[in-house]
Each structure stands twice: as C-alpha cells, then as structure tokens.
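What's in final.cif: mmCIF, C-alpha atoms
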data_start
#
loop_
_atom_site.group_PDB
_atom_site.id
_atom_site.type_symbol
_atom_site.label_atom_id
_atom_site.label_comp_id
_atom_site.auth_asym_id
_atom_site.auth_seq_id
_atom_site.Cartn_x
_atom_site.Cartn_y
_atom_site.Cartn_z
ATOM 1 C CA MET A 10 183.940 227.504 159.480
ATOM 2 C CA ASN A 11 184.797 227.038 163.153
ATOM 3 C CA SER A 12 182.115 225.722 165.503
ATOM 4 C CA ALA A 13 180.249 228.280 167.604
ATOM 5 C CA ARG A 14 181.802 229.639 170.783
ATOM 6 C CA HIS A 15 179.297 230.544 173.467
ATOM 7 C CA PHE A 16 179.224 233.628 175.737
ATOM 8 C CA ASN A 17 176.886 234.950 178.378
ATOM 9 C CA VAL A 18 176.632 238.275 176.522
ATOM 10 C CA LEU A 19 177.841 239.479 173.127
ATOM 11 C CA ILE A 20 177.999 243.213 172.375
ATOM 12 C CA ILE A 21 178.123 244.537 168.818
ATOM 13 C CA GLY A 22 180.038 247.831 168.856
ATOM 14 C CA ALA A 23 182.860 249.144 171.075
ATOM 15 C CA GLY A 24 181.707 252.753 171.252
ATOM 16 C CA PRO A 25 180.606 254.482 174.482
ATOM 17 C CA SER A 26 177.325 252.561 174.844
ATOM 18 C CA GLY A 27 178.869 249.162 174.123
ATOM 19 C CA ILE A 28 181.750 249.779 176.528
ATOM 20 C CA GLY A 29 179.381 251.139 179.165
ATOM 21 C CA ALA A 30 177.307 247.958 178.904
ATOM 22 C CA ALA A 31 180.383 245.712 179.046
ATOM 23 C CA ILE A 32 181.783 247.439 182.149
ATOM 24 C CA ALA A 33 178.456 247.322 183.991
ATOM 25 C CA LEU A 34 177.913 243.647 183.117
ATOM 26 C CA SER A 35 181.404 242.763 184.310
ATOM 27 C CA LYS A 36 180.964 244.646 187.591
ATOM 28 C CA ARG A 37 177.687 242.808 188.175
ATOM 29 C CA GLY A 38 179.404 239.440 187.906
ATOM 30 C CA ILE A 39 178.766 238.367 184.321
ATOM 31 C CA LYS A 40 181.831 236.273 183.515
ATOM 32 C CA SER A 41 181.766 235.624 179.771
ATOM 33 C CA ILE A 42 181.440 238.826 177.690
ATOM 34 C CA ALA A 43 182.780 239.707 174.251
ATOM 35 C CA ILE A 44 182.671 242.974 172.303
ATOM 36 C CA ILE A 45 182.695 242.823 168.500
ATOM 37 C CA GLU A 46 184.208 245.917 166.834
ATOM 38 C CA ARG A 47 184.901 246.420 163.123
ATOM 39 C CA ASN A 48 187.484 249.196 163.659
ATOM 40 C CA ASP A 49 191.052 248.667 164.883
ATOM 41 C CA LYS A 50 190.466 250.424 168.224
ATOM 42 C CA VAL A 51 187.784 250.869 170.841
ATOM 43 C CA GLY A 52 186.068 254.149 171.695
ATOM 44 C CA GLY A 53 183.785 254.646 168.703
ATOM 45 C CA ILE A 54 183.399 258.075 167.106
ATOM 46 C CA PRO A 55 185.166 259.949 169.977
ATOM 47 C CA SER A 56 188.407 258.119 169.148
ATOM 48 C CA PHE A 57 188.535 259.911 165.777
ATOM 49 C CA TYR A 58 188.610 263.379 167.412
ATOM 50 C CA LYS A 59 192.323 263.646 168.162
ATOM 51 C CA LYS A 60 193.869 265.715 170.930
ATOM 52 C CA LYS A 61 196.159 268.442 169.603
ATOM 53 C CA LYS A 62 197.394 271.913 170.450
ATOM 54 C CA ASP A 63 194.796 274.608 169.760
ATOM 55 C CA GLY A 64 192.312 271.865 168.818
ATOM 56 C CA VAL A 65 188.578 271.909 169.425
ATOM 57 C CA ARG A 66 187.156 270.060 172.425
ATOM 58 C CA THR A 67 183.825 268.701 171.243
ATOM 59 C CA PHE A 68 182.800 266.167 173.920
ATOM 60 C CA VAL A 69 181.292 267.162 177.246
ATOM 61 C CA ARG A 70 181.863 265.232 180.493
ATOM 62 C CA TRP A 71 178.556 266.062 182.186
ATOM 63 C CA SER A 72 179.447 263.741 185.066
ATOM 64 C CA ARG A 73 182.546 265.903 185.653
ATOM 65 C CA GLY A 74 180.804 269.258 185.816
ATOM 66 C CA GLY A 75 180.223 269.759 182.080
ATOM 67 C CA ILE A 76 183.920 269.973 181.151
ATOM 68 C CA PRO A 77 184.605 269.896 177.373
ATOM 69 C CA VAL A 78 187.269 267.329 176.440
ATOM 70 C CA PHE A 79 188.908 265.971 173.313
ATOM 71 C CA GLY A 80 187.223 262.875 171.931
ATOM 72 C CA GLU A 81 190.516 260.989 172.031
ATOM 73 C CA ASP A 82 190.847 261.668 175.771
ATOM 74 C CA TYR A 83 187.349 260.348 176.391
ATOM 75 C CA ALA A 84 187.995 257.262 174.244
ATOM 76 C CA GLN A 85 191.198 256.563 176.173
ATOM 77 C CA TRP A 86 189.305 256.864 179.452
ATOM 78 C CA LEU A 87 186.786 254.310 178.144
ATOM 79 C CA GLU A 88 189.613 252.010 177.108
ATOM 80 C CA LYS A 89 191.237 252.211 180.556
ATOM 81 C CA GLN A 90 187.951 251.347 182.272
ATOM 82 C CA LEU A 91 187.432 248.434 179.904
ATOM 83 C CA ALA A 92 190.974 247.174 180.547
ATOM 84 C CA LYS A 93 190.069 246.662 184.225
ATOM 85 C CA THR A 94 187.608 243.948 183.202
ATOM 86 C CA LYS A 95 188.074 240.531 181.607
ATOM 87 C CA VAL A 96 185.881 241.387 178.627
ATOM 88 C CA GLN A 97 187.096 239.784 175.399
ATOM 89 C CA ILE A 98 187.612 242.400 172.656
ATOM 90 C CA GLU A 99 187.434 241.340 169.018
ATOM 91 C CA LEU A 100 188.800 244.210 166.899
ATOM 92 C CA GLN A 101 188.693 244.460 163.097
ATOM 93 C CA THR A 102 185.870 241.947 163.156
ATOM 94 C CA GLN A 103 182.826 242.265 160.926
ATOM 95 C CA VAL A 104 179.413 240.772 161.648
ATOM 96 C CA LEU A 105 178.305 239.120 158.402
ATOM 97 C CA ASN A 106 175.026 237.620 159.477
ATOM 98 C CA ILE A 107 172.834 236.976 162.506
ATOM 99 C CA ASP A 108 170.455 234.205 163.476
ATOM 100 C CA ALA A 109 168.124 236.144 165.744
ATOM 101 C CA LYS A 110 166.175 233.189 167.125
ATOM 102 C CA LYS A 111 169.264 231.120 167.997
ATOM 103 C CA LYS A 112 171.261 234.233 169.027
ATOM 104 C CA ILE A 113 174.183 233.393 166.749
ATOM 105 C CA LEU A 114 176.523 235.898 165.059
ATOM 106 C CA THR A 115 178.542 234.954 161.985
ATOM 107 C CA LEU A 116 181.805 236.919 162.146
ATOM 108 C CA VAL A 117 184.918 237.307 160.041
ATOM 109 C CA ASN A 118 188.370 238.719 160.756
ATOM 110 C CA SER A 119 191.842 238.256 159.320
ATOM 111 C CA LYS A 120 193.134 236.052 162.162
ATOM 112 C CA LYS A 121 190.241 233.661 162.799
ATOM 113 C CA GLY A 122 188.572 233.734 159.418
ATOM 114 C CA LYS A 123 184.854 233.021 159.495
ATOM 115 C CA VAL A 124 183.465 231.937 162.862
ATOM 116 C CA ASN A 125 180.160 231.678 164.714
ATOM 117 C CA TYR A 126 179.672 233.150 168.201
ATOM 118 C CA SER A 127 176.521 232.509 170.213
ATOM 119 C CA ALA A 128 175.270 234.018 173.463
ATOM 120 C CA ASP A 129 172.524 233.981 176.057
ATOM 121 C CA ALA A 130 171.903 237.674 175.272
ATOM 122 C CA ILE A 131 173.131 240.081 172.605
ATOM 123 C CA ILE A 132 173.328 243.890 172.752
ATOM 124 C CA MET A 133 173.300 245.916 169.547
ATOM 125 C CA ALA A 134 175.372 249.047 170.218
ATOM 126 C CA CYS A 135 176.007 249.769 166.547
ATOM 127 C CA GLY A 136 175.562 253.554 166.736
ATOM 128 C CA SER A 137 174.369 255.687 163.854
ATOM 129 C CA ARG A 138 175.600 257.314 160.658
ATOM 130 C CA GLU A 139 174.968 260.481 158.690
ATOM 131 C CA LYS A 140 172.292 260.443 156.032
ATOM 132 C CA THR A 141 173.488 260.345 152.437
ATOM 133 C CA PRO A 142 172.445 263.091 149.998
ATOM 134 C CA ALA A 143 169.773 260.771 148.572
ATOM 135 C CA GLU A 144 168.361 260.036 152.039
ATOM 136 C CA ARG A 145 168.088 263.742 152.823
ATOM 137 C CA ALA A 146 165.823 264.155 149.786
ATOM 138 C CA TRP A 147 166.577 267.874 149.329
ATOM 139 C CA LEU A 148 170.079 267.549 147.844
ATOM 140 C CA ALA A 149 170.278 267.219 144.072
ATOM 141 C CA GLY A 150 173.088 267.033 141.527
ATOM 142 C CA SER A 151 176.028 264.679 141.164
ATOM 143 C CA ARG A 152 178.541 263.702 143.818
ATOM 144 C CA PRO A 153 181.915 264.954 142.573
ATOM 145 C CA ALA A 154 185.190 264.654 144.470
ATOM 146 C CA ARG A 155 185.684 266.742 147.646
ATOM 147 C CA VAL A 156 182.288 265.865 149.086
ATOM 148 C CA PHE A 157 182.923 264.367 152.524
ATOM 149 C CA PHE A 158 181.094 263.001 155.525
ATOM 150 C CA THR A 159 182.301 264.054 158.984
ATOM 151 C CA LYS A 160 184.150 260.813 159.739
ATOM 152 C CA GLN A 161 186.060 261.062 156.440
ATOM 153 C CA LEU A 162 187.088 264.612 157.282
ATOM 154 C CA LEU A 163 188.307 263.546 160.731
ATOM 155 C CA CYS A 164 190.491 260.858 159.163
ATOM 156 C CA LEU A 165 192.090 263.550 156.985
ATOM 157 C CA LEU A 166 192.392 266.312 159.582
ATOM 158 C CA ASP A 167 193.242 264.323 162.690
ATOM 159 C CA GLY A 168 194.478 261.055 161.242
ATOM 160 C CA ASN A 169 196.663 262.326 158.385
ATOM 161 C CA HIS A 170 197.088 266.036 159.284
ATOM 162 C CA LEU A 171 195.656 267.127 155.939
ATOM 163 C CA SER A 172 193.219 269.965 155.335
ATOM 164 C CA PRO A 173 191.225 269.088 152.203
ATOM 165 C CA MET A 174 189.673 272.540 151.664
ATOM 166 C CA ASN A 175 190.169 276.253 152.277
ATOM 167 C CA ASN A 176 186.647 277.564 151.618
ATOM 168 C CA PRO A 177 184.291 274.926 153.060
ATOM 169 C CA LEU A 178 180.552 274.610 152.679
ATOM 170 C CA ILE A 179 178.741 272.512 155.289
ATOM 171 C CA ILE A 180 175.361 270.908 154.693
ATOM 172 C CA GLY A 181 173.658 270.329 158.046
ATOM 173 C CA SER A 182 173.262 272.769 160.938
ATOM 174 C CA ASP A 183 173.140 270.605 164.056
ATOM 175 C CA VAL A 184 175.971 270.515 166.595
ATOM 176 C CA ILE A 185 178.062 268.239 164.347
ATOM 177 C CA GLY A 186 178.014 270.854 161.572
ATOM 178 C CA TYR A 187 179.135 273.671 163.872
ATOM 179 C CA ALA A 188 181.813 271.489 165.487
ATOM 180 C CA THR A 189 183.086 270.649 161.992
ATOM 181 C CA ALA A 190 183.206 274.334 161.058
ATOM 182 C CA ALA A 191 185.287 275.003 164.184
ATOM 183 C CA LYS A 192 187.711 272.164 163.442
ATOM 184 C CA LEU A 193 188.185 273.339 159.853
ATOM 185 C CA LYS A 194 188.888 276.904 161.000
ATOM 186 C CA ALA A 195 191.381 275.617 163.572
ATOM 187 C CA ALA A 196 193.082 273.713 160.748
ATOM 188 C CA GLY A 197 193.521 276.905 158.711
ATOM 189 C CA ALA A 198 190.383 277.071 156.554
ATOM 190 C CA SER A 199 188.188 280.158 156.308
ATOM 191 C CA ASP A 200 184.832 280.437 158.073
ATOM 192 C CA ALA A 201 182.399 277.964 156.531
ATOM 193 C CA VAL A 202 179.010 278.584 154.986
ATOM 194 C CA ILE A 203 176.417 276.321 156.627
ATOM 195 C CA ILE A 204 173.250 275.377 154.719
ATOM 196 C CA ASP A 205 170.196 273.517 155.980
ATOM 197 C CA ASN A 206 166.536 273.113 155.046
ATOM 198 C CA CYS A 207 165.239 275.157 157.981
ATOM 199 C CA SER A 208 165.055 278.865 158.727
ATOM 200 C CA LYS A 209 167.207 278.689 161.887
ATOM 201 C CA PRO A 210 170.197 276.474 162.743
ATOM 202 C CA LYS A 211 169.372 273.226 164.525
ATOM 203 C CA CYS A 212 172.395 273.685 166.791
ATOM 204 C CA GLY A 213 171.420 275.305 170.084
ATOM 205 C CA PHE A 214 172.401 278.881 170.967
ATOM 206 C CA PHE A 215 174.863 277.978 173.726
ATOM 207 C CA GLU A 216 176.579 275.355 171.569
ATOM 208 C CA ARG A 217 176.944 277.906 168.751
ATOM 209 C CA LEU A 218 178.309 280.416 171.259
ATOM 210 C CA TYR A 219 180.900 277.867 172.409
ATOM 211 C CA PHE A 220 182.121 277.147 168.866
ATOM 212 C CA ARG A 221 182.381 280.910 168.200
ATOM 213 C CA MET A 222 185.699 280.701 170.053
ATOM 214 C CA TRP A 223 187.049 279.150 166.851
ATOM 215 C CA SER A 224 184.768 280.115 163.977
ATOM 216 C CA ASN A 225 181.823 282.256 162.970
ATOM 217 C CA PRO A 226 180.163 280.409 160.067
ATOM 218 C CA LYS A 227 177.548 282.112 157.908
ATOM 219 C CA TYR A 228 174.197 280.341 158.068
ATOM 220 C CA GLN A 229 172.008 280.043 154.970
ATOM 221 C CA GLY A 230 168.534 278.571 155.541
ATOM 222 C CA LEU A 231 166.745 277.179 152.515
ATOM 223 C CA SER A 232 163.879 279.055 150.948
ATOM 224 C CA ALA A 233 163.800 276.503 148.124
ATOM 225 C CA LYS A 234 162.714 272.859 148.157
ATOM 226 C CA SER A 235 166.164 271.646 147.155
ATOM 227 C CA ILE A 236 169.705 272.658 146.326
ATOM 228 C CA GLU A 237 172.049 271.302 143.676
ATOM 229 C CA ILE A 238 175.673 270.322 144.265
ATOM 230 C CA THR A 239 177.738 271.686 141.382
ATOM 231 C CA GLY A 240 181.049 270.651 139.860
ATOM 232 C CA ASN A 241 182.100 268.086 137.268
ATOM 233 C CA ASN A 242 185.220 266.479 138.703
ATOM 234 C CA THR A 243 185.435 268.263 142.050
ATOM 235 C CA ALA A 244 182.818 270.133 144.092
ATOM 236 C CA SER A 245 182.714 273.812 143.181
ATOM 237 C CA GLY A 246 179.672 274.899 145.188
ATOM 238 C CA VAL A 247 175.907 274.627 145.374
ATOM 239 C CA ARG A 248 173.135 276.265 143.369
ATOM 240 C CA LEU A 249 170.332 277.740 145.465
ATOM 241 C CA ASN A 250 167.414 279.714 143.984
ATOM 242 C CA GLY A 251 169.438 280.291 140.823
ATOM 243 C CA LYS A 252 172.380 281.646 142.827
ATOM 244 C CA ASN A 253 175.759 279.920 143.036
ATOM 245 C CA ILE A 254 177.456 279.642 146.420
ATOM 246 C CA PRO A 255 181.103 278.763 145.682
ATOM 247 C CA CYS A 256 183.367 276.513 147.733
ATOM 248 C CA ASP A 257 186.291 274.124 147.264
ATOM 249 C CA GLY A 258 184.846 271.313 149.382
ATOM 250 C CA ILE A 259 181.535 270.175 150.849
ATOM 251 C CA LEU A 260 180.878 268.517 154.207
ATOM 252 C CA ILE A 261 177.660 266.551 154.737
ATOM 253 C CA CYS A 262 177.113 266.631 158.505
ATOM 254 C CA GLY A 263 174.591 265.448 161.046
ATOM 255 C CA GLU A 264 171.059 264.106 160.431
ATOM 256 C CA LEU A 265 171.930 260.751 161.956
ATOM 257 C CA ILE A 266 170.069 257.504 161.305
ATOM 258 C CA PRO A 267 170.589 254.231 163.218
ATOM 259 C CA ASN A 268 172.940 251.545 161.934
ATOM 260 C CA SER A 269 170.137 248.989 162.026
ATOM 261 C CA GLU A 270 171.160 246.951 158.964
ATOM 262 C CA LEU A 271 171.973 243.884 161.077
ATOM 263 C CA ALA A 272 168.561 244.012 162.720
ATOM 264 C CA LEU A 273 166.944 244.037 159.280
ATOM 265 C CA ILE A 274 169.102 241.088 158.195
ATOM 266 C CA GLY A 275 167.861 239.113 161.199
ATOM 267 C CA ASN A 276 164.210 240.075 160.658
ATOM 268 C CA ILE A 277 164.223 241.999 163.932
ATOM 269 C CA LYS A 278 161.500 244.646 163.780
ATOM 270 C CA VAL A 279 162.632 248.098 162.632
ATOM 271 C CA GLU A 280 160.471 251.167 162.104
ATOM 272 C CA LEU A 281 160.575 252.569 158.580
ATOM 273 C CA PRO A 282 161.537 255.052 157.244
ATOM 274 C CA SER A 283 163.263 256.089 160.510
ATOM 275 C CA ARG A 284 165.179 252.766 160.719
ATOM 276 C CA ILE A 285 164.884 252.860 164.509
ATOM 277 C CA PRO A 286 164.637 249.356 166.027
ATOM 278 C CA VAL A 287 161.391 248.587 167.826
ATOM 279 C CA VAL A 288 162.200 248.275 171.544
ATOM 280 C CA SER A 289 160.215 247.616 174.700
ATOM 281 C CA GLU A 290 160.566 249.585 177.944
ATOM 282 C CA ASP A 291 163.451 247.317 178.989
ATOM 283 C CA TYR A 292 165.400 248.073 175.773
ATOM 284 C CA GLN A 293 164.645 244.593 174.444
ATOM 285 C CA LEU A 294 164.134 244.129 170.712
ATOM 286 C CA SER A 295 161.389 242.120 169.035
ATOM 287 C CA GLU A 296 163.408 238.900 169.419
ATOM 288 C CA SER A 297 163.851 237.611 172.956
ATOM 289 C CA GLY A 298 167.352 238.123 174.347
ATOM 290 C CA TRP A 299 168.282 240.919 171.929
ATOM 291 C CA PHE A 300 168.793 244.441 173.283
ATOM 292 C CA ALA A 301 169.728 247.867 171.869
ATOM 293 C CA ALA A 302 171.850 250.633 173.411
ATOM 294 C CA GLY A 303 173.105 254.076 172.410
ATOM 295 C CA ASN A 304 172.400 256.006 169.246
ATOM 296 C CA ILE A 305 170.991 252.985 167.419
ATOM 297 C CA LEU A 306 167.892 253.841 169.484
ATOM 298 C CA GLY A 307 167.471 257.009 167.409
ATOM 299 C CA GLY A 308 168.122 260.704 167.888
ATOM 300 C CA PHE A 309 171.468 262.341 168.524
ATOM 301 C CA HIS A 310 173.050 261.866 171.945
ATOM 302 C CA GLY A 311 176.538 262.684 173.169
ATOM 303 C CA ALA A 312 179.138 260.079 174.093
ATOM 304 C CA GLU A 313 178.630 260.322 177.837
ATOM 305 C CA ARG A 314 174.870 259.918 177.599
ATOM 306 C CA CYS A 315 175.411 256.841 175.421
ATOM 307 C CA TYR A 316 177.867 255.443 177.970
ATOM 308 C CA PHE A 317 175.351 255.692 180.805
ATOM 309 C CA ASN A 318 172.590 254.365 178.562
ATOM 310 C CA GLY A 319 174.759 251.301 177.946
ATOM 311 C CA ARG A 320 175.061 250.812 181.705
ATOM 312 C CA ARG A 321 171.261 251.008 182.085
ATOM 313 C CA VAL A 322 170.766 248.473 179.312
ATOM 314 C CA ALA A 323 173.228 246.153 181.075
ATOM 315 C CA GLY A 324 170.909 246.144 184.088
ATOM 316 C CA LYS A 325 168.006 245.039 181.884
ATOM 317 C CA VAL A 326 170.167 242.306 180.365
ATOM 318 C CA ILE A 327 171.034 241.005 183.849
ATOM 319 C CA ASP A 328 167.324 240.935 184.736
ATOM 320 C CA TYR A 329 166.674 238.920 181.572
ATOM 321 C CA LEU A 330 169.483 236.441 182.293
ATOM 322 C CA SER A 331 168.310 235.923 185.874
ATOM 323 C CA LYS A 332 164.813 235.053 184.640
ATOM 324 C CA CYS A 333 166.223 232.587 182.104
ATOM 325 C CA SER A 334 168.485 230.789 184.576
#
As structure tokens, what does this structure read like?
Amino acid sequence: MNSARHFNVLIIGAGPSGIGAAIALSKRGIKSIAIIERNDKVGGIPSFYKKKKDGVRTFVRWSRGGIPVFGEDYAQWLEKQLAKTKVQIELQTQVLNIDAKKKILTLVNSKKGKVNYSADAIIMACGSREKTPAERAWLAGSRPARVFFTKQLLCLLDGNHLSPMNNPLIIGSDVIGYATAAKLKAAGASDAVIIDNCSKPKCGFFERLYFRMWSNPKYQGLSAKSIEITGNNTASGVRLNGKNIPCDGILICGELIPNSELALIGNIKVELPSRIPVVSEDYQLSESGWFAAGNILGGFHGAERCYFNGRRVAGKVIDYLSKCS
C-alpha cells in the first residue's frame, strides 16, 4: 500500500453537496482539496437524468427563478464550475475504510490500487439511497426479476434507451415516484399505478400537477398492513387485501435513508434506526474534523438545496481549520 498523501480537505462524494463544498473551499483560499467519487463522472444523481427530446425536466433551479431543468444539464453546470478550481477529482474510487481519529481514508481504484489519503478535515457528502423492501417493513413476498430501484431504471431508460416495462407499478408516492411515472410514460409505457402506505400521496399537489403534463398515475393508498409482491420468475403484480393488481414491472421509489455506512465503520455516531449521522450546529460529526453535507443529513432535498448546503458546510470547515492553525 502506498504511504498516505495529505490534503487540507477531503470530500467523499461528487454530487451537488460535495461539489458545492469543494467550490466554496477553493474560492475561500483552501489550496489542497480532493473529491473522492465511486462513479465514473461527477454530478451525483442528477447526472443520471439525461437530456432528451420530449423528456421530463425533474430538477428545479430555484436560484434561477424556479426553472425546471434536466438533471444532466445541472450536472454539467456543476462540472463546469468545478473545472474552474484546482480541486483534485478521484473518479471510480471506493472508500474501503476510515480511521476517524487520525482522519485517514483507505481508498482503492484501478490505477493507483490501494492507497491512504489523510486530511485536516473531511466532509461526508455521501448522499442517500432508497429503502429496500425489507427496510420498508410493509412489503412482503419474494423479489423476482423486473423489480427495480429508480437509479436502475434511469440506467436503462436514459443510459441504454431501453424501456423495461409497459404496465408499471410504482411503490412510493413522494416526488421521486411521480417523476418516475412521468419518465416511464414519456418512454412509451402506460400510466402507472402508484401504491403507498398512506391515504394520500406524499408528493405535493403542485408537483403532481406539474408531472400531469406527462402522466396521470392512479394512486392506491394502503388499507392493509402490508402488500405482497407476486410472480415466480418475473414480477406480475402485487396482492392487496386479497386483490391482485397486475403489472409487468415494479419500481421501488423514494423513502430515502442516508448512506452512513462509512460513518458506522469509523464508529462515528449515527442515530438508529434512521441512520442519520449525529451532527452539531456547525455540521460537525461526533469526531473532530469530520463534517456532513447534503442528503446524508436526512430527509429529501433537491440538488440545488444540497449544493448550497455544501457551500454552507464549507464555511464551517474553514472556521474549524482556522481554529486549528
């Protein structure tokens, strides 16, 4: 293993919050910054929402008057802003382990192999993921083929131009579920059925009204404690109150939880069962010099809000570094 290379600040995650933090740190004079990203491009989740004719704009630029844009456009804007700095970007790099007290990351990628990076401060901008069926606790049955999470669907629709279903059923009624229904309809599928364990959709009225330009999904709130996914080899529907609701593919959307696995590995305090890292008012974690930014902080927030949150966290990091110098 190579000896540790030292930075002023290391950032885990090159999504909107991580890039926002990196840009703000660079503008404030921090010289040695590196972003660690496991994907092959920067931009985070927005980069998977490709720009295409008659596509669905699902990201809102509130700082530009609330204009809806394609995720890819927003990711490219982030990339251009980042390119104006001297931030080191480590793509396709996985964090294997952390030493929280010494502020050391053990990384691996195909070019450098296994290497240690250390820093004066580290920002976790790892984002969040959708809950699995088991974590939702109200989904029963097996997991046959044609059961997808949103990111998997985006790779098929926008990455490979494939539509994996014609009669979709979406589990989860927040804005991600309704955006997914719109994207499927734009790709040629029929209007989806959306199911959730609440009487009314979690997606707000105005967001639902916006997505009506593309689709008008039928909402089915649960009156039972659970539903069962049916199908032996491939998903054929769900069973609810003894009634079968047929489909040829299931999307599990929304209900995000923080990607706080690295914090747990490093014995950094995390609330359970929410998995939200414990942070102080200055976004600092339980170990000195560790900070959190973006959706790892819990809840569901759009890309632009995460970007500006990253910039705020950068200010707290600079305050910390000035006190340590």
Task: Resolved residues for the PyMOL selection byres ((chain A and resi 316-330) around 8) as a list in words - done: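 With the shown file as input, the PyMOL selection byres ((chain A and resi 316-330) around 8) matches Pro25, Ser26, Gly27, Ile28, Gly29, Ala30, Ala31, Ile32, Ala33, Leu34, Asp129, Ala130, Asp291, Tyr292, Gly298, Phe300, Ala301, Ala302, Gly303, Ala312, Glu313, Arg314, Cys315, Ser331, Lys332, Cys333 and Ser334 of chain A.
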Quick one: residues within 12 Å of Lys111 in chain A, all atoms listed in the file, excluding same-chain residues fewer than 5 positions away - as an mmCIF file with C-alpha atoms, in the coordinates of the input?
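So result.cif came out as:
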data_model
loop_
_atom_site.group_PDB
_atom_site.id
_atom_site.type_symbol
_atom_site.label_atom_id
_atom_site.label_comp_id
_atom_site.auth_asym_id
_atom_site.auth_seq_id
_atom_site.Cartn_x
_atom_site.Cartn_y
_atom_site.Cartn_z
ATOM 1 C CA ALA A 13 180.249 228.280 167.604
ATOM 2 C CA HIS A 15 179.297 230.544 173.467
ATOM 3 C CA ASN A 125 180.160 231.678 164.714
ATOM 4 C CA TYR A 126 179.672 233.150 168.201
ATOM 5 C CA SER A 127 176.521 232.509 170.213
ATOM 6 C CA ALA A 128 175.270 234.018 173.463
ATOM 7 C CA ASP A 129 172.524 233.981 176.057
ATOM 8 C CA ALA A 130 171.903 237.674 175.272
ATOM 9 C CA ILE A 131 173.131 240.081 172.605
ATOM 10 C CA GLY A 275 167.861 239.113 161.199
ATOM 11 C CA GLU A 296 163.408 238.900 169.419
ATOM 12 C CA SER A 297 163.851 237.611 172.956
ATOM 13 C CA GLY A 298 167.352 238.123 174.347
ATOM 14 C CA TRP A 299 168.282 240.919 171.929
#
Open item on the list: One number please: CA of Ala43 in chain A to CA of Arg73 in chain A, in Å, one decimal.
Closed with: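 Between these atoms lies a distance of 28.6 Å.
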- [ ] Using CA of Ile261 in chain A and CA of Ile20 in chain A as the two end points, give the distance in Å to one decimal.
- [x]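 Value for the CA of Ile261 in chain A-CA of Ile20 in chain A distance: 29.3 Å.
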Open item on the list: Restricting the calculation to only C-alpha atoms: of A:Val65, A:Ile54, A:Met133, A:Ile285, which residue gets closest to Tyr83 in chain A?
Closed with: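 Once distances to Tyr83 in chain A are computed over only C-alpha atoms, the minimum belongs to A:Ile54.
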Task: Which residue of A:Glu139, A:Asp200, A:Glu99, A:Glu237 approaches Asp49 in chain A most closely, using only C-alpha atoms - done: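 Distance minimum relative to Asp49 in chain A lands on A:Glu99.
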For the file shown, what are the residues hit by the PyMOL selection byres ((chain A and resi 278) around 10), laid out as a CSV table (one decimal) with C-alpha atoms, in the frame of the given file?
chain,number,residue,atom,x,y,z
A,269,SER,CA,170.1,249.0,162.0
A,272,ALA,CA,168.6,244.0,162.7
A,273,LEU,CA,166.9,244.0,159.3
A,275,GLY,CA,167.9,239.1,161.2
A,276,ASN,CA,164.2,240.1,160.7
A,277,ILE,CA,164.2,242.0,163.9
A,279,VAL,CA,162.6,248.1,162.6
A,280,GLU,CA,160.5,251.2,162.1
A,281,LEU,CA,160.6,252.6,158.6
A,284,ARG,CA,165.2,252.8,160.7
A,285,ILE,CA,164.9,252.9,164.5
A,286,PRO,CA,164.6,249.4,166.0
A,287,VAL,CA,161.4,248.6,167.8
A,288,VAL,CA,162.2,248.3,171.5
A,294,LEU,CA,164.1,244.1,170.7
A,295,SER,CA,161.4,242.1,169.0
A,296,GLU,CA,163.4,238.9,169.4
Open item on the list: Going by the chain IDs and residue numbers used in this file, which residues fall under the PyMOL selection byres ((chain A and resi 201) around 8)? Write them as a PyMOL selection string.
Closed with: chain A and resi 176-179+190+194+199-200+202-203+225-227
Task: Selection: 8 Å around range 146-154 of chain A, all atoms listed in the file, excl. self and same-chain fewer than 4 positions, as a PyMOL selection string - done: chain A and resi 142+206+234-244
TODO: May I ask for the distance between CA of Leu162 in chain A and CA of Gln229 in chain A, given in Å to one decimal place?
DONE: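 Rounded to one decimal, the two atoms are 21.7 Å apart.
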Task: Proximity to Lys123 in chain A - best of A:Cys135, A:Ala195, A:Val104, A:Cys164, all atoms listed in the file - done: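 Smallest distance to Lys123 in chain A is found for A:Val104.
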TODO: Please write as a PyMOL selection string the list of polymer residues whose atoms come within 9 Å of (176.6, 265.3, 166.5), counting all atoms listed in the file and keeping to the coordinates of the file.
DONE: chain A and resi 183-186+188+262-265+309-311
Find the smallest box with edges along x, y and z containing every listed atom of range 151-169 of chain A, then add 5 Å on each side and report centre and edge lengths in Å to one decimal, as lines of an AutoDock Vina configuration file.
center_x = 186.3
center_y = 263.8
center_z = 151.9
size_x = 30.6
size_y = 15.9
size_z = 31.5
Open item on the list: My list of candidates is A:Ser72, A:Lys140, A:Pro77, A:Ile180. Which is closest to Val247 in chain A when distances are computed with only C-alpha atoms?
Closed with: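 Closest to Val247 in chain A, using only C-alpha atoms: A:Ile180.
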- [ ] Considering only C-alpha atoms, state which residue in the set A:Met174, A:Leu249, A:Ala23, A:Ile45 is at the smallest distance from Ala196 in chain A.
- [x] A:Met174
Write out as a PDB file with C-alpha atoms, in the coordinates of the input each polymer residue whose atoms come within 8 Å of Lys209 in chain A, counting all atoms listed in the file; drop sequence neighbours fewer than 2 positions from it.
ATOM      1  CA  CYS A 207     165.239 275.157 157.981  1.00  0.00           C
ATOM      2  CA  LYS A 211     169.372 273.226 164.525  1.00  0.00           C
ATOM      3  CA  GLY A 230     168.534 278.571 155.541  1.00  0.00           C
TER       4      GLY A 230
END
Open item on the list: Under the rule that only C-alpha atoms are counted, which of A:Arg138, A:Met222, A:Tyr228, A:Ser182 is the nearest residue to Gly307 in chain A?
Closed with: A:Arg138
